[in-house]
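> My structure is in query_29.cif, and what it holds is mmCIF, C-alpha atoms and all ligand atoms:
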```cif
data_upload
loop_
_atom_site.label_atom_id
_atom_site.label_comp_id
_atom_site.auth_asym_id
_atom_site.auth_seq_id
_atom_site.Cartn_x
_atom_site.Cartn_y
_atom_site.Cartn_z
CA MET U 28 -26.58 27.64 -21.11
CA GLU U 29 -28.77 30.13 -19.23
CA PRO U 30 -30.32 28.72 -16.04
CA MET U 31 -33.14 30.02 -13.88
CA ILE U 32 -32.33 29.75 -10.17
CA ILE U 33 -35.27 29.44 -7.77
CA VAL U 34 -35.19 30.41 -4.09
CA GLY U 35 -38.02 30.83 -1.58
CA THR U 36 -36.67 30.57 1.96
CA ARG U 37 -33.51 31.42 3.91
CA PRO U 38 -31.75 28.05 3.53
CA GLU U 39 -32.30 28.14 -0.23
CA ILE U 40 -30.67 31.58 -0.41
CA VAL U 41 -27.66 30.24 1.53
CA LYS U 42 -27.33 27.05 -0.52
CA MET U 43 -27.97 28.60 -3.95
CA ALA U 44 -25.56 31.52 -3.43
CA PRO U 45 -22.49 29.38 -4.30
CA VAL U 46 -24.22 28.16 -7.49
CA ALA U 47 -25.05 31.72 -8.57
CA LYS U 48 -21.51 32.88 -7.82
CA GLU U 49 -19.98 30.00 -9.74
CA LEU U 50 -22.06 31.03 -12.76
CA GLU U 51 -20.92 34.65 -12.34
CA LYS U 52 -17.30 33.53 -12.10
CA ARG U 53 -17.65 31.81 -15.48
CA GLY U 54 -19.53 34.72 -17.07
CA ILE U 55 -22.75 32.72 -17.45
CA ARG U 56 -25.99 34.74 -17.23
CA TYR U 57 -28.78 33.45 -15.02
CA PHE U 58 -32.25 34.55 -13.96
CA LEU U 59 -32.81 34.64 -10.20
CA LEU U 60 -36.40 34.11 -9.05
CA HIS U 61 -37.50 34.47 -5.41
CA THR U 62 -40.96 33.12 -4.66
CA GLY U 63 -41.17 35.39 -1.61
CA GLN U 64 -42.15 32.56 0.76
CA HIS U 65 -39.76 34.19 3.24
CA TYR U 66 -40.15 37.97 3.18
CA SER U 67 -39.21 39.46 6.57
CA GLU U 68 -35.95 41.43 6.29
CA PHE U 69 -34.24 39.05 8.74
CA MET U 70 -35.41 35.92 6.84
CA SER U 71 -34.69 37.09 3.29
CA GLN U 72 -33.07 40.44 2.38
CA SER U 73 -30.31 40.15 5.01
CA PHE U 74 -29.27 36.79 3.50
CA PHE U 75 -28.73 38.31 0.05
CA GLU U 76 -26.50 40.92 1.67
CA ASP U 77 -24.59 38.53 3.94
CA LEU U 78 -24.00 36.06 1.12
CA GLY U 79 -22.95 38.77 -1.34
CA LEU U 80 -25.73 37.73 -3.71
CA ARG U 81 -27.36 40.18 -6.11
CA ALA U 82 -31.05 41.02 -5.70
CA PRO U 83 -33.50 38.66 -7.43
CA ASP U 84 -34.65 39.53 -10.97
CA LEU U 85 -38.21 38.73 -9.89
CA ASN U 86 -39.90 38.33 -6.51
CA LEU U 87 -43.34 36.68 -6.71
CA GLN U 88 -44.17 37.82 -3.16
CA ILE U 89 -46.31 34.78 -2.44
CA GLY U 90 -45.87 35.28 1.34
CA SER U 91 -47.31 33.04 4.04
CA GLY U 92 -50.35 30.79 3.69
CA THR U 93 -51.43 27.18 3.55
CA HIS U 94 -49.31 24.70 1.61
CA ALA U 95 -51.77 24.73 -1.28
CA GLN U 96 -51.85 28.53 -1.39
CA GLN U 97 -48.06 28.84 -1.37
CA THR U 98 -47.52 26.04 -3.88
CA ALA U 99 -50.26 27.18 -6.26
CA LYS U 100 -49.26 30.87 -6.27
CA ALA U 101 -45.64 29.99 -6.94
CA LEU U 102 -46.61 27.43 -9.60
CA VAL U 103 -48.50 30.03 -11.62
CA GLY U 104 -45.86 32.73 -11.17
CA ILE U 105 -42.93 30.48 -12.03
CA GLU U 106 -44.64 29.10 -15.13
CA GLU U 107 -45.15 32.64 -16.40
CA ALA U 108 -41.51 33.51 -15.70
CA ILE U 109 -40.27 30.38 -17.48
CA LEU U 110 -42.41 31.16 -20.55
CA ASN U 111 -41.08 34.74 -20.60
CA GLU U 112 -37.42 34.00 -19.92
CA THR U 113 -37.06 30.62 -21.71
CA PRO U 114 -34.24 29.27 -19.46
CA ASP U 115 -32.32 26.14 -20.55
CA VAL U 116 -32.66 24.60 -17.11
CA VAL U 117 -34.46 25.41 -13.85
CA LEU U 118 -32.40 24.88 -10.71
CA VAL U 119 -34.11 24.15 -7.39
CA GLN U 120 -32.60 23.39 -3.99
CA GLY U 121 -33.82 21.22 -1.14
CA ASP U 122 -37.38 20.44 -0.15
CA THR U 123 -39.49 23.56 0.36
CA ASN U 124 -42.77 24.43 -1.32
CA ALA U 125 -40.84 26.60 -3.81
CA VAL U 126 -38.97 23.50 -4.99
CA LEU U 127 -42.12 21.51 -5.73
CA SER U 128 -43.80 24.44 -7.50
CA ALA U 129 -40.81 25.21 -9.70
CA THR U 130 -40.31 21.57 -10.63
CA LEU U 131 -43.94 21.09 -11.67
CA ALA U 132 -43.97 24.36 -13.59
CA ALA U 133 -40.76 23.55 -15.47
CA VAL U 134 -41.29 19.94 -16.46
CA LYS U 135 -44.78 20.61 -17.75
CA VAL U 136 -43.53 23.21 -20.18
CA GLY U 137 -40.62 20.97 -21.17
CA VAL U 138 -37.75 22.71 -19.37
CA PRO U 139 -35.33 20.36 -17.55
CA VAL U 140 -34.92 20.61 -13.78
CA GLY U 141 -31.71 20.31 -11.79
CA HIS U 142 -32.33 19.37 -8.15
CA VAL U 143 -29.56 20.50 -5.82
CA GLU U 144 -29.46 18.34 -2.64
CA ALA U 145 -31.35 15.41 -4.16
CA GLY U 146 -31.87 12.00 -2.56
CA LEU U 147 -32.52 12.92 1.09
CA ARG U 148 -35.15 10.83 2.88
CA SER U 149 -36.42 11.09 6.46
CA HIS U 150 -39.17 8.46 5.97
CA ASP U 151 -41.29 10.67 8.24
CA ARG U 152 -44.72 11.08 6.67
CA ARG U 153 -45.59 13.96 9.00
CA MET U 154 -43.06 16.18 7.20
CA PRO U 155 -44.32 18.33 4.31
CA GLU U 156 -40.72 18.43 3.07
CA GLU U 157 -40.63 14.64 2.57
CA TYR U 158 -43.32 14.90 -0.12
CA ASN U 159 -41.66 17.88 -1.77
CA ARG U 160 -38.30 16.16 -2.04
CA ARG U 161 -39.61 12.78 -3.21
CA LEU U 162 -41.84 14.29 -5.90
CA THR U 163 -39.09 16.63 -7.06
CA ASP U 164 -36.50 13.86 -7.31
CA HIS U 165 -38.79 11.80 -9.52
CA ALA U 166 -39.45 14.66 -11.93
CA SER U 167 -35.90 16.08 -12.14
CA ASP U 168 -33.50 15.64 -15.04
CA PHE U 169 -30.33 16.26 -13.03
CA LEU U 170 -30.06 15.05 -9.46
CA PHE U 171 -27.18 16.59 -7.55
CA ALA U 172 -26.79 14.21 -4.62
CA PRO U 173 -24.68 15.58 -1.76
CA THR U 174 -23.30 12.16 -0.81
CA GLU U 175 -23.00 8.56 -2.03
CA VAL U 176 -25.70 7.64 0.50
CA ALA U 177 -28.16 10.01 -1.20
CA ALA U 178 -27.11 8.80 -4.67
CA GLU U 179 -27.75 5.18 -3.69
CA ILE U 180 -31.25 6.09 -2.48
CA LEU U 181 -31.98 7.69 -5.86
CA GLU U 182 -30.61 4.72 -7.80
CA ARG U 183 -32.70 2.33 -5.68
CA GLU U 184 -35.82 4.39 -6.41
CA ASN U 185 -35.07 4.26 -10.14
CA VAL U 186 -35.31 8.00 -10.71
CA TRP U 187 -35.45 9.09 -14.34
CA GLY U 188 -32.74 11.75 -14.22
CA LYS U 189 -28.95 11.64 -14.16
CA VAL U 190 -27.51 11.29 -10.65
CA VAL U 191 -24.21 13.04 -9.82
CA VAL U 192 -22.53 13.18 -6.39
CA THR U 193 -21.39 16.74 -5.72
CA GLY U 194 -21.11 17.42 -1.96
CA ASN U 195 -23.41 20.02 -0.42
CA THR U 196 -23.22 23.70 -1.42
CA VAL U 197 -23.83 24.62 2.24
CA ILE U 198 -20.15 23.80 2.82
CA ASP U 199 -19.11 26.04 -0.11
CA ALA U 200 -21.07 28.94 1.39
CA LEU U 201 -19.79 28.40 4.89
CA GLU U 202 -16.13 27.99 4.00
CA GLU U 203 -16.26 31.13 1.87
CA ARG U 204 -18.17 33.29 4.36
CA LEU U 205 -16.75 32.17 7.74
CA PRO U 206 -13.52 34.22 7.49
CA ILE U 207 -15.61 37.29 6.57
CA ALA U 208 -18.01 36.57 9.45
CA ARG U 209 -15.15 36.24 11.93
CA GLU U 210 -13.87 39.61 10.81
CA GLN U 211 -17.15 41.53 10.49
CA SER U 212 -19.61 40.14 13.04
CA ASN U 213 -19.79 41.81 16.42
CA ILE U 214 -22.45 39.56 17.89
CA MET U 215 -20.33 37.99 20.64
CA HIS U 216 -19.48 41.40 22.01
CA GLU U 217 -22.96 42.90 21.47
CA MET U 218 -24.62 40.04 23.33
CA ASP U 219 -21.84 39.67 25.88
CA LEU U 220 -21.51 35.94 25.19
CA GLU U 221 -18.97 33.47 26.50
CA ASP U 222 -19.99 29.89 27.22
CA PHE U 223 -23.27 28.83 25.60
CA ALA U 224 -25.11 26.26 23.52
CA LEU U 225 -26.86 27.41 20.32
CA LEU U 226 -30.48 26.40 19.72
CA THR U 227 -32.79 26.60 16.70
CA LEU U 228 -36.24 25.03 16.35
CA HIS U 229 -38.77 25.44 13.57
CA ARG U 230 -39.90 22.08 12.13
CA ALA U 231 -43.68 22.10 11.86
CA GLU U 232 -43.97 18.62 13.43
CA ASN U 233 -42.08 19.93 16.50
CA VAL U 234 -43.40 23.44 17.04
CA ASP U 235 -46.99 23.21 15.74
CA ASP U 236 -47.81 20.50 18.28
CA ARG U 237 -48.36 21.89 21.78
CA THR U 238 -47.28 18.76 23.69
CA THR U 239 -44.11 18.34 21.66
CA LEU U 240 -43.14 22.02 21.92
CA GLU U 241 -43.83 22.13 25.67
CA GLY U 242 -41.75 18.97 26.16
CA LEU U 243 -38.90 20.48 24.19
CA VAL U 244 -38.96 23.71 26.22
CA ASN U 245 -39.06 21.79 29.52
CA GLY U 246 -36.28 19.40 28.53
CA LEU U 247 -34.03 22.16 27.19
CA ALA U 248 -34.56 24.32 30.29
CA GLU U 249 -33.29 21.40 32.37
CA LEU U 250 -29.86 21.34 30.68
CA GLU U 251 -26.98 22.76 32.72
CA VAL U 252 -25.97 25.33 30.11
CA ASP U 253 -26.96 28.81 28.94
CA ILE U 254 -28.77 28.56 25.63
CA ILE U 255 -28.92 31.21 22.91
CA PHE U 256 -32.07 30.75 20.83
CA PRO U 257 -32.54 32.80 17.63
CA ALA U 258 -36.17 31.80 17.16
CA HIS U 259 -37.85 31.34 13.78
CA PRO U 260 -41.07 33.39 13.40
CA ARG U 261 -43.16 30.19 13.18
CA THR U 262 -41.82 29.15 16.59
CA VAL U 263 -42.34 32.57 18.16
CA SER U 264 -46.00 32.56 17.16
CA ARG U 265 -46.49 29.03 18.50
CA LEU U 266 -44.77 29.83 21.82
CA LYS U 267 -47.17 32.75 22.18
CA GLN U 268 -50.22 30.77 21.05
CA PHE U 269 -49.47 27.92 23.50
CA GLN U 270 -48.58 30.38 26.31
CA LEU U 271 -45.07 29.01 26.64
CA MET U 272 -43.17 32.25 26.13
CA GLU U 273 -43.05 33.10 29.85
CA ARG U 274 -41.61 29.69 30.66
CA VAL U 275 -38.88 30.22 28.07
CA LYS U 276 -38.07 33.67 29.41
CA GLN U 277 -37.82 32.41 33.00
CA SER U 278 -35.37 29.65 31.98
CA SER U 279 -31.72 29.61 30.94
CA ILE U 280 -32.88 29.95 27.32
CA ARG U 281 -32.22 33.44 25.92
CA ILE U 282 -34.63 33.95 23.04
CA ILE U 283 -33.68 36.46 20.35
CA GLN U 284 -34.78 37.36 16.81
CA PRO U 285 -33.27 35.25 14.02
CA VAL U 286 -29.83 36.60 13.21
CA GLY U 287 -28.22 37.19 9.82
CA TYR U 288 -25.99 34.57 8.22
CA LEU U 289 -22.66 36.12 9.25
CA ASP U 290 -23.75 36.52 12.87
CA PHE U 291 -25.12 32.99 12.86
CA LEU U 292 -21.81 31.61 11.60
CA VAL U 293 -20.02 33.32 14.47
CA LEU U 294 -22.52 31.86 16.96
CA LEU U 295 -21.93 28.42 15.44
CA ASP U 296 -18.18 28.97 15.60
CA SER U 297 -18.21 30.11 19.23
CA CYS U 298 -20.79 27.86 20.90
CA ARG U 299 -19.99 24.80 23.00
CA PHE U 300 -22.46 22.66 21.02
CA VAL U 301 -25.61 22.99 18.91
CA LEU U 302 -29.21 21.90 19.55
CA THR U 303 -31.46 21.96 16.50
CA ASP U 304 -34.14 20.48 14.30
CA SER U 305 -32.83 22.35 11.23
CA GLY U 306 -31.66 20.47 8.17
CA GLY U 307 -28.95 22.86 7.04
CA ILE U 308 -27.43 23.25 10.48
CA GLN U 309 -26.88 19.46 10.73
CA GLU U 310 -24.66 19.88 7.67
CA GLU U 311 -22.98 23.16 8.62
CA VAL U 312 -21.54 21.79 11.86
CA THR U 313 -19.54 19.29 9.77
CA ALA U 314 -17.72 22.00 7.78
CA PRO U 315 -13.96 21.51 8.16
CA SER U 316 -13.55 25.00 9.67
CA LEU U 317 -16.27 24.43 12.29
CA ASN U 318 -16.29 20.74 13.22
CA LYS U 319 -18.92 21.11 15.96
CA LYS U 320 -21.20 18.69 17.76
CA VAL U 321 -24.95 18.88 17.10
CA PHE U 322 -27.82 17.26 18.99
CA VAL U 323 -30.78 16.77 16.69
CA LEU U 324 -34.13 17.31 18.41
CA ARG U 325 -36.08 15.01 16.11
CA ASN U 326 -37.05 11.35 15.88
CA SER U 327 -35.57 10.83 12.42
CA THR U 328 -33.18 12.56 10.09
CA GLU U 329 -32.55 12.67 6.36
CA ARG U 330 -28.89 13.42 7.19
CA PRO U 331 -27.54 10.10 8.56
CA GLU U 332 -24.07 10.87 7.17
CA ALA U 333 -23.48 13.42 9.94
CA ILE U 334 -24.34 10.80 12.56
CA GLU U 335 -21.95 8.37 10.90
CA SER U 336 -19.15 10.98 10.90
CA GLY U 337 -19.68 11.63 14.62
CA HIS U 338 -20.84 15.25 14.26
CA SER U 339 -24.48 14.60 15.00
CA THR U 340 -26.54 12.63 17.54
CA LEU U 341 -30.26 12.10 17.12
CA VAL U 342 -31.77 12.60 20.59
CA GLY U 343 -35.52 12.74 19.90
CA THR U 344 -38.08 15.11 21.41
CA ASP U 345 -39.17 13.25 24.55
CA PRO U 346 -38.29 15.36 27.63
CA MET U 347 -37.93 12.14 29.62
CA GLY U 348 -35.17 11.02 27.27
CA PHE U 349 -33.33 13.71 25.34
CA PRO U 350 -31.72 15.71 28.20
CA ASP U 351 -30.04 12.54 29.52
CA ALA U 352 -29.03 11.46 26.02
CA ILE U 353 -27.27 14.85 25.60
CA ARG U 354 -25.57 14.67 29.02
CA HIS U 355 -24.40 11.13 28.27
CA GLU U 356 -22.83 12.16 24.95
CA LEU U 357 -21.17 15.22 26.48
CA ARG U 358 -19.66 13.12 29.27
CA LYS U 359 -18.20 10.74 26.68
CA GLY U 360 -16.32 13.71 25.23
CA VAL U 361 -16.19 14.78 21.63
CA ASP U 362 -13.79 13.15 19.22
CA GLU U 363 -11.92 15.91 17.41
CA GLU U 364 -10.94 13.77 14.40
CA ARG U 365 -13.94 14.03 12.11
CA LYS U 366 -14.28 14.55 8.40
CA SER U 367 -17.24 16.28 6.74
CA PRO U 368 -19.41 13.89 4.72
CA TYR U 369 -20.72 16.86 2.72
CA GLY U 370 -17.60 17.72 0.77
CA SER U 371 -14.89 20.32 0.96
CA GLY U 372 -16.55 23.33 -0.67
CA ASP U 373 -16.51 22.55 -4.39
CA ALA U 374 -20.12 21.36 -4.81
CA ALA U 375 -21.21 24.35 -6.92
CA GLU U 376 -18.27 23.86 -9.27
CA ARG U 377 -19.25 20.21 -9.78
CA ILE U 378 -22.88 21.16 -10.39
CA ILE U 379 -22.01 23.72 -13.06
CA ASN U 380 -19.46 21.39 -14.70
CA THR U 381 -22.19 18.77 -15.05
CA LEU U 382 -24.69 21.22 -16.49
CA LEU U 383 -22.19 22.59 -18.99
CA ALA U 384 -21.31 19.08 -20.15
CA GLU U 385 -24.96 18.01 -20.45
CA ILE U 386 -26.71 21.14 -21.70
CA ALA U 387 -24.38 23.67 -23.30
C1 LIG Y 1 -40.14 26.72 5.42
C2 LIG Y 1 -39.99 25.37 4.73
C3 LIG Y 1 -39.07 24.49 5.57
C4 LIG Y 1 -37.75 25.17 5.82
C5 LIG Y 1 -37.98 26.56 6.41
C6 LIG Y 1 -36.66 27.29 6.52
C7 LIG Y 1 -41.92 24.47 3.47
C8 LIG Y 1 -43.03 23.49 3.51
N1 LIG Y 1 -41.29 24.68 4.64
O1 LIG Y 1 -40.76 26.52 6.67
O2 LIG Y 1 -38.82 23.28 4.89
O3 LIG Y 1 -37.00 24.40 6.70
O4 LIG Y 1 -38.86 27.31 5.57
O5 LIG Y 1 -36.68 28.27 7.49
O6 LIG Y 1 -41.62 25.03 2.45
N2 LIG Y 1 -42.92 34.00 8.69
C9 LIG Y 1 -42.56 35.31 8.93
N3 LIG Y 1 -41.68 35.91 8.08
C10 LIG Y 1 -41.15 35.28 7.00
C11 LIG Y 1 -41.53 33.97 6.75
C12 LIG Y 1 -42.41 33.34 7.60
O7 LIG Y 1 -43.00 35.91 9.90
O8 LIG Y 1 -40.34 35.88 6.29
C13 LIG Y 1 -43.85 33.31 9.62
C14 LIG Y 1 -45.31 33.35 9.17
O9 LIG Y 1 -46.10 33.46 10.30
C15 LIG Y 1 -45.50 31.97 8.55
C16 LIG Y 1 -44.57 31.09 9.37
O10 LIG Y 1 -43.47 31.94 9.70
O11 LIG Y 1 -46.84 31.55 8.59
C17 LIG Y 1 -44.07 29.85 8.63
O12 LIG Y 1 -43.46 30.21 7.38
P1 LIG Y 1 -43.48 29.20 6.13
O13 LIG Y 1 -42.67 29.79 5.03
O14 LIG Y 1 -44.87 28.78 5.82
O15 LIG Y 1 -42.79 27.91 6.69
P2 LIG Y 1 -41.41 27.73 7.46
O16 LIG Y 1 -41.73 27.20 8.82
O17 LIG Y 1 -40.60 28.96 7.35
N1 LIG Y 2 -29.57 30.61 9.97
C1 LIG Y 2 -29.24 31.97 10.15
N2 LIG Y 2 -29.75 32.63 11.22
C2 LIG Y 2 -30.56 32.03 12.15
C3 LIG Y 2 -30.88 30.65 11.96
C4 LIG Y 2 -30.38 29.99 10.86
O1 LIG Y 2 -28.48 32.51 9.35
O2 LIG Y 2 -30.98 32.70 13.09
C5 LIG Y 2 -29.08 29.91 8.76
C6 LIG Y 2 -28.21 28.71 9.02
O3 LIG Y 2 -26.84 29.07 9.08
C7 LIG Y 2 -28.50 27.83 7.81
C8 LIG Y 2 -29.93 28.17 7.46
O4 LIG Y 2 -30.22 29.41 8.09
O5 LIG Y 2 -27.67 28.17 6.72
C9 LIG Y 2 -30.85 27.09 7.94
O6 LIG Y 2 -32.16 27.49 7.79
P1 LIG Y 2 -33.37 26.76 8.54
O7 LIG Y 2 -32.87 26.07 9.74
O8 LIG Y 2 -34.42 27.79 8.70
O9 LIG Y 2 -33.89 25.74 7.42
P2 LIG Y 2 -33.59 24.20 7.09
O10 LIG Y 2 -32.15 24.07 6.79
O11 LIG Y 2 -34.06 23.39 8.25
O12 LIG Y 2 -34.46 23.95 5.90
#
```
Could you render the structure as structure tokens?

Amino acid sequence: MEPMIIVGTRPEIVKMAPVAKELEKRGIRYFLLHTGQHYSEFMSQSFFEDLGLRAPDLNLQIGSGTHAQQTAKALVGIEEAILNETPDVVLVQGDTNAVLSATLAAVKVGVPVGHVEAGLRSHDRRMPEEYNRRLTDHASDFLFAPTEVAAEILERENVWGKVVVTGNTVIDALEERLPIAREQSNIMHEMDLEDFALLTLHRAENVDDRTTLEGLVNGLAELEVDIIFPAHPRTVSRLKQFQLMERVKQSSIRIIQPVGYLDFLVLLDSCRFVLTDSGGIQEEVTAPSLNKKVFVLRNSTERPEAIESGHSTLVGTDPMGFPDAIRHELRKGVDEERKSPYGSGDAAERIINTLLAEIA
């Protein structure tokens, strides 16, 4: 079996690294294709280094653009790569534009697709990711569901492919890299940090809408805590466009460039709690070695398992509501006895075992 692994953005690099390494461990060759959707050093290259992943065999350099531009450029480039490399299976992860492009390219030339992190649903039609994940699930041959909840969704939707519950590879990556991060990262010292909350924001439906973004900034600035905010480039450009950057800088929110994976793990490890609209971070906080509390600044989530386990609370985006919802939860105190719903770090092993049994 010789797979082609597709990545396009930073979370895909994080979550596919364990799959690539599991293949390497077993001496299985693979082709690594980066669509180049993320290209800045701090959104792409640094993740390969921090995850100990080799450089991609091919980078399509599709860059930024509209959804159609990104999807179409990647579709053409991936089809060409599949025809040249003739992989036995194409592996995609999550719900980005790269995932949809690779899935369409592969199935139409008759190559099976394995979807890592299948079966997530936010039911929010404003999210571009919701279309990518639904369409991909219905075209995939192998659906690697992180949890039983996700597997049940897929069974209910009568997907064509084989559904296997594996856990989430984000836990594999985190459990492997956290000890290295604790040893190598100097970020706490460099930034002179002690007691803080960690914030990330980048969902299009949050940051591309002026009213929502302004409400988020105002509500967050009201919290009685120092906030460290490694801001995604999409968010930085919107804060500038909507003239909100000054307000952020005058508040208790300390805005910095996105940090590398190892530094980010140390920030996660050291913060009092997390505020985010990220998908991956809702899962990372549940890792056995972290076990943190996250407040999700969204109206819905495709990760209800983390709410169920007590790691996550959905607080919405309304500045009249979410600051009090956070204070209320913090006053209640955080229950230390929680178990990750996303597995214990062996998701990649389960994925490769399945593929070897089905394909090789
Ligand atoms: C994409 C994914 C989203 C994922 C996120 C991870 C889709 C539809 N969206 O959103 O699901 O959660 O990645 O971070 O696939 N930019 C840079 N440097 C880069 C990349 C982007 O400056 O390396 C800036 C550009 O101005 C660009 C903007 O960020 O227009 C948005 O980038 P894009 O890749 O279109 O979407 P993300 O918001 O990153
Ligand atoms: N991350 C990072 N540095 C940052 C912000 C995030 O290393 O400054 C990592 C984080 O640990 C997680 C991934 O990026 O593994 C999440 O990416 P993002 O939130 O952009 O995407 P999503 O998961 O929402 O698709």
> Please report as a Markdown table every residue of chain U lying within 7 Å of ligand LIG 1 (chain Y), along with the nearest atom pair and their distance in Å (one decimal), using all atoms listed in the file.

```
| residue | atom | partner | partner_atom | distance |
| --- | --- | --- | --- | --- |
| U:Thr36 | CA | Y:LIG1 | O4 | 5.3 |
| U:Arg37 | CA | Y:LIG1 | O5 | 5.7 |
| U:Pro38 | CA | Y:LIG1 | C6 | 5.8 |
| U:Gln64 | CA | Y:LIG1 | O13 | 5.1 |
| U:His65 | CA | Y:LIG1 | O8 | 3.5 |
| U:Tyr66 | CA | Y:LIG1 | O8 | 3.8 |
| U:Ser67 | CA | Y:LIG1 | O8 | 3.8 |
| U:Met70 | CA | Y:LIG1 | O8 | 5.0 |
| U:Ser71 | CA | Y:LIG1 | O8 | 6.5 |
| U:Ser91 | CA | Y:LIG1 | O11 | 4.8 |
| U:Gly92 | CA | Y:LIG1 | O11 | 6.1 |
| U:His94 | CA | Y:LIG1 | C8 | 6.7 |
| U:Asp122 | CA | Y:LIG1 | O2 | 6.0 |
| U:Thr123 | CA | Y:LIG1 | O6 | 3.3 |
| U:Asn124 | CA | Y:LIG1 | O6 | 4.0 |
| U:Ala125 | CA | Y:LIG1 | O6 | 6.5 |
| U:Pro155 | CA | Y:LIG1 | C8 | 5.4 |
| U:Glu156 | CA | Y:LIG1 | O2 | 5.5 |
| U:His229 | CA | Y:LIG1 | O16 | 5.9 |
| U:Arg230 | CA | Y:LIG1 | O16 | 6.4 |
| U:Ala231 | CA | Y:LIG1 | O16 | 6.2 |
| U:His259 | CA | Y:LIG1 | O10 | 7.0 |
| U:Pro260 | CA | Y:LIG1 | O10 | 4.6 |
| U:Arg261 | CA | Y:LIG1 | O10 | 3.9 |
| U:Ser264 | CA | Y:LIG1 | O9 | 6.9 |
| U:Ser305 | CA | Y:LIG1 | O3 | 6.5 |
| U:Gly306 | CA | Y:LIG1 | O3 | 6.8 |
```
> Would you kindly return, as a PyMOL selection string, each protein, DNA or RNA residue with an atom no farther than 8 Å from any atom of Thr193 (chain U), considering all atoms listed in the file and excluding same-chain residues fewer than 2 positions away?
chain U and resi 171-174+191+195+370+373-375+377-378
> Would you save the residues from that selection as a short mmCIF file (atom, residue, chain, number, x, y, z; two decimals), in the frame of the given file, using C-alpha atoms?

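To be explicit, this is the file written out as result.cif:
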```
data_model
loop_
_atom_site.label_atom_id
_atom_site.label_comp_id
_atom_site.auth_asym_id
_atom_site.auth_seq_id
_atom_site.Cartn_x
_atom_site.Cartn_y
_atom_site.Cartn_z
CA PHE U 171 -27.18 16.59 -7.55
CA ALA U 172 -26.79 14.21 -4.62
CA PRO U 173 -24.68 15.58 -1.76
CA THR U 174 -23.30 12.16 -0.81
CA VAL U 191 -24.21 13.04 -9.82
CA ASN U 195 -23.41 20.02 -0.42
CA GLY U 370 -17.60 17.72 0.77
CA ASP U 373 -16.51 22.55 -4.39
CA ALA U 374 -20.12 21.36 -4.81
CA ALA U 375 -21.21 24.35 -6.92
CA ARG U 377 -19.25 20.21 -9.78
CA ILE U 378 -22.88 21.16 -10.39
#
```
> Would you work out the distance separating CA of Ile33 (chain U) from CA of Leu228 (chain U), expressed in Å to one decimal?
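Going from CA of Ile33 (chain U) over to CA of Leu228 (chain U) covers 24.5 Å.
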> So, with all atoms listed in the file as the atoms that count, which of U:Lys359, U:Arg274, U:Lys267, U:Arg209 lies closest to Gly242 (chain U)?
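Smallest distance to Gly242 (chain U) is found for U:Arg274.
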> Find the distance between CA of Val143 (chain U) and CA of Thr328 (chain U) and write it in Å to one decimal.
18.1 Å
> With distances taken over all atoms listed in the file, which of U:Leu181, U:Ile40, U:Val46, U:Met347 is nearest to ligand LIG 2 (chain Y)?
U:Ile40
> Can you list, as JSON, numbers by chain, every protein, DNA or RNA residue that comes within 8 Å of Ala166 (chain U) when you count all atoms listed in the file, leaving out same-chain residues fewer than 2 positions away?
{"U": [130, 131, 134, 140, 162, 163, 164, 168, 186, 187, 188]}
> Using all atoms listed in the file, what does the table of chain U residues within 7 Å of ligand LIG 2 (chain Y) look like, with each row giving the shortest atom pair and its distance in Å to one decimal, sorted by chain and ascending number, as CSV?

```
residue,atom,partner,partner_atom,distance
U:Arg37,CA,Y:LIG2,O6,5.7
U:Pro38,CA,Y:LIG2,O6,4.3
U:Val41,CA,Y:LIG2,O5,5.6
U:Val197,CA,Y:LIG2,O5,6.9
U:Thr227,CA,Y:LIG2,C3,6.5
U:His229,CA,Y:LIG2,O8,6.9
U:Pro257,CA,Y:LIG2,O2,4.8
U:Ala258,CA,Y:LIG2,O2,6.7
U:Pro285,CA,Y:LIG2,O2,3.6
U:Val286,CA,Y:LIG2,O2,4.1
U:Gly287,CA,Y:LIG2,O1,4.7
U:Tyr288,CA,Y:LIG2,O1,3.4
U:Leu289,CA,Y:LIG2,O1,6.8
U:Phe291,CA,Y:LIG2,O1,4.9
U:Leu292,CA,Y:LIG2,O3,6.2
U:Asp304,CA,Y:LIG2,O11,6.7
U:Ser305,CA,Y:LIG2,O11,3.4
U:Gly306,CA,Y:LIG2,O11,3.8
U:Gly307,CA,Y:LIG2,O10,3.4
U:Ile308,CA,Y:LIG2,C7,5.4
```
> Taking C-alpha atoms for each residue, export the selection above as an mmCIF file, in the frame of the given file.

```cif
data_model
loop_
_atom_site.group_PDB
_atom_site.id
_atom_site.type_symbol
_atom_site.label_atom_id
_atom_site.label_comp_id
_atom_site.auth_asym_id
_atom_site.auth_seq_id
_atom_site.Cartn_x
_atom_site.Cartn_y
_atom_site.Cartn_z
ATOM 1 C CA ARG U 37 -33.510 31.420 3.910
ATOM 2 C CA PRO U 38 -31.750 28.050 3.530
ATOM 3 C CA VAL U 41 -27.660 30.240 1.530
ATOM 4 C CA VAL U 197 -23.830 24.620 2.240
ATOM 5 C CA THR U 227 -32.790 26.600 16.700
ATOM 6 C CA HIS U 229 -38.770 25.440 13.570
ATOM 7 C CA PRO U 257 -32.540 32.800 17.630
ATOM 8 C CA ALA U 258 -36.170 31.800 17.160
ATOM 9 C CA PRO U 285 -33.270 35.250 14.020
ATOM 10 C CA VAL U 286 -29.830 36.600 13.210
ATOM 11 C CA GLY U 287 -28.220 37.190 9.820
ATOM 12 C CA TYR U 288 -25.990 34.570 8.220
ATOM 13 C CA LEU U 289 -22.660 36.120 9.250
ATOM 14 C CA PHE U 291 -25.120 32.990 12.860
ATOM 15 C CA LEU U 292 -21.810 31.610 11.600
ATOM 16 C CA ASP U 304 -34.140 20.480 14.300
ATOM 17 C CA SER U 305 -32.830 22.350 11.230
ATOM 18 C CA GLY U 306 -31.660 20.470 8.170
ATOM 19 C CA GLY U 307 -28.950 22.860 7.040
ATOM 20 C CA ILE U 308 -27.430 23.250 10.480
#
```
